[in-house]
Amino acid sequence: MTHSSSPSRRRFLRGAGGAALALPMLESLAADAQEIEHPPMRMAFTGIFYGFIPEYFFPTETGSDYAMPRLLQPMERHRQDFSIFSGLDHNLGGGHDATKYFLTGIPVHHAKGYSEANISVDQKAASHVGSATRYPSLVLGCHSNSSNHISWTKNGAQVRPISEPEALYRALFQKTNSEQLSTRRRNLQERQSILDLVREQAQSIEGKVANADREKLDQYFTSVRELEQKIEQSNIWLDTPKPSTDYPEPKGTGGMTLVEKAPIYYDLMALALQTDSTRVITLSFHELGKDSGGIAGVNSGYHSLSHHGKVREAMDELALIEGFFVEQYARFIDKLKDIREPNGQSLLENTMAVLGSGMSNGNSHSNRDLPTLLAGGGFAHGEHHHFARSGRSSVPLCNLYVTMLQRFGMEIDAFNTSNGNLSELLG
C-alpha cells in the first residue's frame with residue numbers, strides 16, 4: 001500500500017454510526033482498486049482475566065448441532081459466524097500469573113529459548129502490517145492491572161495499553177494544526193537524536209563486555225530498534241490527516257462504570273478497523289472498577305466471586321459478570337457484520353475476532369482447557385471443536401494462532417509453542 005497524496009479508500013470512510021460508503025470505481029482511485037477488490041484482513045482479541053465458568057461456557061456436544069451454553073446465549077444469533085474451541089491451552093500452570101501469556105503461550109522466564117522471546121500473536125501480526133496503517137496495532141486495557149498486560153514484544157516486554165476510551169478517540173480522530181505538527185516533528189527529531197547517541201555509546205563498549213553481559217546488550221539494542229521503528233512509523237504518518245467520524249468524542253470516561261465504558265471501547269475498535277487506522281487490536285478486561293462495574297445484580301468482588309467454591313449463588317452472580325463480557329463481544333460482532341466493505345463484504349468477513357482467557361477456571365486457578373471463541377475471518381464456522389489430550393499434553397492454543405497468522409497473510413508454519421495449525425477451520 002502506498003501513502004501518496006492521491007485519494008485512497010481510507011479517506012472516504014466515515015464512521016457515522018458504523019456505516020461505510022461503498023465507493024464507485026473511479027479512475028482517480030485506480031491505485032486502490034486492488035485494495036477495494038481484496039480488503040485487508042484484520043485481527044481483534046478480547047482477553048478476560050478471570051476466565052469463564054467451564055460448565056456455563058463449553059457445550060456438552062461437539063460439531064454443529066450443539067445446545068448453546070448459558071454464557072454463550074448472546075451469541076446464538078451469530079451461531080454460523082463463530083467457532084467454539086475446547087481442549088486448547090498452553091500446557092501451563094501458574095494460575096493468575098499465567099493469564100498474561102494468553103496470546104503468547106510462553107512465560108517470560110522461558111522466553112530465552114525462543115527466537116522471538118515470548119512475542120504475542122497480536123504483535124507478531126503487527127510486525128507484518130508495519131507502516132501500512134497509522135498504528136501497526138492498538139493495545140487497550142479496561143481497568144487494566146499494570147502487571148497483567150497480555151501483549152508482548154519480541155524483546156519480551158509487556159506493551160502498556162491505552163487505558164481510557166477518550167485517549168483512544170484522540171489517537172484515532174483528533175486533528176492537529178500546523179503548530180502542533182511542527183512541535184511533534186521537532187519532538188520526533190529530538191528523540192531520534194537521543195537514540196542515535198545511546199546507540200553510539202552502546203556500540204563503543206560492545207567489544208569490551210563479557211559474554212555474560214552480551215545478552216543484556218543485545219536486548220538493549222533490540223529495545224533501541226523498537227523505539228526507532230516507532231519514530232519511523234510516526235514520521236511516515238505525521239502529515240497524513242486522520243479520518244473523520246460522526247461518532248461523538250467520549251468525555252470523562254475515567255469516571256464511567258464498566259457497563260458505560262465497554263461499549264465505547266468496542267465502538268471505537270470497529271471504527272479503527274473500518275477506517276484502516278489499524279488492522280490489529282487487543283482489548284483486555286481485568287477488574288470491574290467502581291460500583292461493581294454497574295452490572296445489575298453484582299454485589300461482590302470479581303476476584304472473590306471467581307473463587308466461588310461451587311456455591312451456586314456465587315456462581316450465578318459471577319455468571320452475570322461473565323455474561324456481560326459475552327454480550328459486549330456479541331454486540332461487537334453485530335457492528336462488524338453491519339459495516340460493509342467497499343467490495344460489499346461485511347467487515348466481519350475480513351476480521352478474525354477472538355474472545356478468550358488465559359485462565360479456564362478461576363475457582364481452581366486452572367490454566368488448562370482455555371475458553372476460546374473465534375468469529376469471522378472467512379473461516380468455516382458454526383461448530384464446537386473439541387481437541388483431546390495426548391497424555392498430559394493438550395493441543396497447543398498456538399495452533400489456532402498459526403492458522404490466524406496464515407490467514408492474515410504471513411508465510412509461516414509455526415508460532416511459539418505450536419506444532420501445527422487447525423485445518424478444521426478451513427472447511
# chains A, B, ... in the order shown; residues from 1 in each chain; ligands from 1
>>> residues_around(residues="stretch 404-410 of chain A", least_positions_apart="6", cutoff="8 Å", atoms="only C-alpha atoms", output="ChimeraX atom specification")
/A:41-42,121,125,128,352,377
>>> select_by_dssp(residues="stretch 95-181 of chain A", states="strand (DSSP E)", output="PDB file with C-alpha atoms, in the first residue's frame")
ATOM      1  CA  LEU A 138      -3.664  -0.834  19.203  1.00  0.00           C
ATOM      2  CA  VAL A 139      -3.423  -2.320  22.695  1.00  0.00           C
ATOM      3  CA  LEU A 140      -6.266  -1.377  25.040  1.00  0.00           C
ATOM      4  CA  GLY A 141      -6.968  -2.148  28.679  1.00  0.00           C
ATOM      5  CA  CYS A 142     -10.180  -1.537  30.621  1.00  0.00           C
TER       6      CYS A 142
END
>>> closest_residue(among="A:Phe82, A:Trp152, A:Tyr66, A:Phe49", to="A:Phe379", atoms="only C-alpha atoms")
A:Phe82
>>> residues_around(residues="stretch 287-289 of chain A", least_positions_apart="3", cutoff="8 Å", atoms="only C-alpha atoms", output="list in words")
Phe49, Cys142, His143, Ser144, Asn145, Thr257, Leu258, Ser292, Gly293 and Tyr302 of chain A
>>> atom_distance(atom1="atom CA of A:His149", atom2="atom CA of A:Tyr114")
20.1 Å
>>> residues_around(residues="A:Ile321", least_positions_apart="2", cutoff="8 Å", atoms="only C-alpha atoms", output="PDB file with N, CA and C atoms, in the first residue's frame")
ATOM      1  N   ILE A 295     -22.930  -3.499  36.880  1.00  0.00           N
ATOM      2  CA  ILE A 295     -23.654  -4.686  36.411  1.00  0.00           C
ATOM      3  C   ILE A 295     -24.750  -5.023  37.417  1.00  0.00           C
ATOM      4  N   VAL A 298     -24.810  -7.646  40.724  1.00  0.00           N
ATOM      5  CA  VAL A 298     -23.472  -7.971  41.224  1.00  0.00           C
ATOM      6  C   VAL A 298     -23.196  -7.131  42.463  1.00  0.00           C
ATOM      7  N   TYR A 302     -15.204  -9.147  42.025  1.00  0.00           N
ATOM      8  CA  TYR A 302     -14.979 -10.060  40.891  1.00  0.00           C
ATOM      9  C   TYR A 302     -14.044 -11.199  41.292  1.00  0.00           C
ATOM     10  N   GLU A 317     -23.912 -15.280  40.420  1.00  0.00           N
ATOM     11  CA  GLU A 317     -23.532 -13.864  40.428  1.00  0.00           C
ATOM     12  C   GLU A 317     -22.321 -13.634  39.523  1.00  0.00           C
ATOM     13  N   LEU A 318     -21.364 -14.555  39.562  1.00  0.00           N
ATOM     14  CA  LEU A 318     -20.215 -14.464  38.667  1.00  0.00           C
ATOM     15  C   LEU A 318     -20.654 -14.554  37.211  1.00  0.00           C
ATOM     16  N   ALA A 319     -21.666 -15.369  36.944  1.00  0.00           N
ATOM     17  CA  ALA A 319     -22.168 -15.524  35.573  1.00  0.00           C
ATOM     18  C   ALA A 319     -22.734 -14.215  35.029  1.00  0.00           C
ATOM     19  N   GLY A 323     -21.311 -13.078  31.686  1.00  0.00           N
ATOM     20  CA  GLY A 323     -22.328 -12.885  30.652  1.00  0.00           C
ATOM     21  C   GLY A 323     -22.265 -11.499  30.041  1.00  0.00           C
ATOM     22  N   PHE A 324     -21.929 -10.494  30.863  1.00  0.00           N
ATOM     23  CA  PHE A 324     -21.781  -9.132  30.345  1.00  0.00           C
ATOM     24  C   PHE A 324     -20.661  -9.071  29.320  1.00  0.00           C
ATOM     25  N   PHE A 325     -19.533  -9.728  29.601  1.00  0.00           N
ATOM     26  CA  PHE A 325     -18.422  -9.716  28.656  1.00  0.00           C
ATOM     27  C   PHE A 325     -18.813 -10.380  27.336  1.00  0.00           C
TER      28      PHE A 325
END
>>> atom_distance(atom1="atom CA of A:Arg389", atom2="atom CA of A:Leu355")
22.1 Å
>>> closest_residue(among="A:Met256, A:Leu400, A:Ile150, A:Ala272", to="A:Ser120", atoms="only C-alpha atoms")
A:Ile150
>>> residues_around(residues="stretch 103-112 of chain A", least_positions_apart="3", cutoff="9 Å", atoms="only C-alpha atoms", output="PyMOL selection string")
chain A and resi 45+47+89-92+98+100+115-122+150-152+156-157+357-358+396-398+401+415-418
>>> write_last_selection(atoms="C-alpha atoms", output="mmCIF file, in the first residue's frame")
data_model
loop_
_atom_site.group_PDB
_atom_site.id
_atom_site.type_symbol
_atom_site.label_atom_id
_atom_site.label_comp_id
_atom_site.auth_asym_id
_atom_site.auth_seq_id
_atom_site.Cartn_x
_atom_site.Cartn_y
_atom_site.Cartn_z
ATOM 1 C CA PHE A 45 -8.542 -10.005 20.540
ATOM 2 C CA GLY A 47 -8.932 -11.219 26.891
ATOM 3 C CA ASP A 89 -4.270 -24.363 26.008
ATOM 4 C CA HIS A 90 -0.597 -23.604 26.543
ATOM 5 C CA ASN A 91 0.193 -26.564 28.836
ATOM 6 C CA LEU A 92 0.928 -24.039 31.572
ATOM 7 C CA ALA A 98 -0.181 -17.291 33.630
ATOM 8 C CA LYS A 100 -0.898 -12.692 30.864
ATOM 9 C CA SER A 115 13.868 -16.783 18.659
ATOM 10 C CA GLU A 116 11.290 -14.034 19.271
ATOM 11 C CA ALA A 117 11.137 -14.377 23.042
ATOM 12 C CA ASN A 118 7.511 -14.575 24.136
ATOM 13 C CA ILE A 119 6.053 -12.287 21.476
ATOM 14 C CA SER A 120 2.243 -12.280 21.470
ATOM 15 C CA VAL A 121 0.222 -13.153 18.392
ATOM 16 C CA ASP A 122 -1.117 -9.603 18.047
ATOM 17 C CA ILE A 150 -1.402 -9.609 27.593
ATOM 18 C CA SER A 151 0.546 -8.072 24.669
ATOM 19 C CA TRP A 152 4.299 -8.731 24.497
ATOM 20 C CA GLY A 156 9.979 -9.824 25.986
ATOM 21 C CA ALA A 157 8.447 -6.561 27.230
ATOM 22 C CA SER A 357 -8.822 -16.042 28.557
ATOM 23 C CA GLY A 358 -5.505 -17.317 29.820
ATOM 24 C CA PRO A 396 -1.450 -26.018 21.692
ATOM 25 C CA LEU A 397 -3.634 -22.919 21.535
ATOM 26 C CA CYS A 398 -0.788 -21.518 19.432
ATOM 27 C CA TYR A 401 -2.707 -18.541 16.272
ATOM 28 C CA PHE A 415 4.340 -19.685 16.153
ATOM 29 C CA ASN A 416 5.858 -20.036 19.612
ATOM 30 C CA THR A 417 4.735 -23.408 21.064
ATOM 31 C CA SER A 418 2.641 -24.570 18.090
#
>>> closest_residue(among="A:Asp369, A:Gln123, A:Val402, A:Gly297", to="A:Ala414", atoms="only C-alpha atoms")
A:Val402
>>> closest_residue(among="A:Ser277, A:Thr60, A:Asn367, A:Ser86", to="A:Arg134", atoms="only C-alpha atoms")
A:Ser277
>>> atom_distance(atom1="atom CA of A:Val280", atom2="atom CA of A:Arg160")
15.2 Å
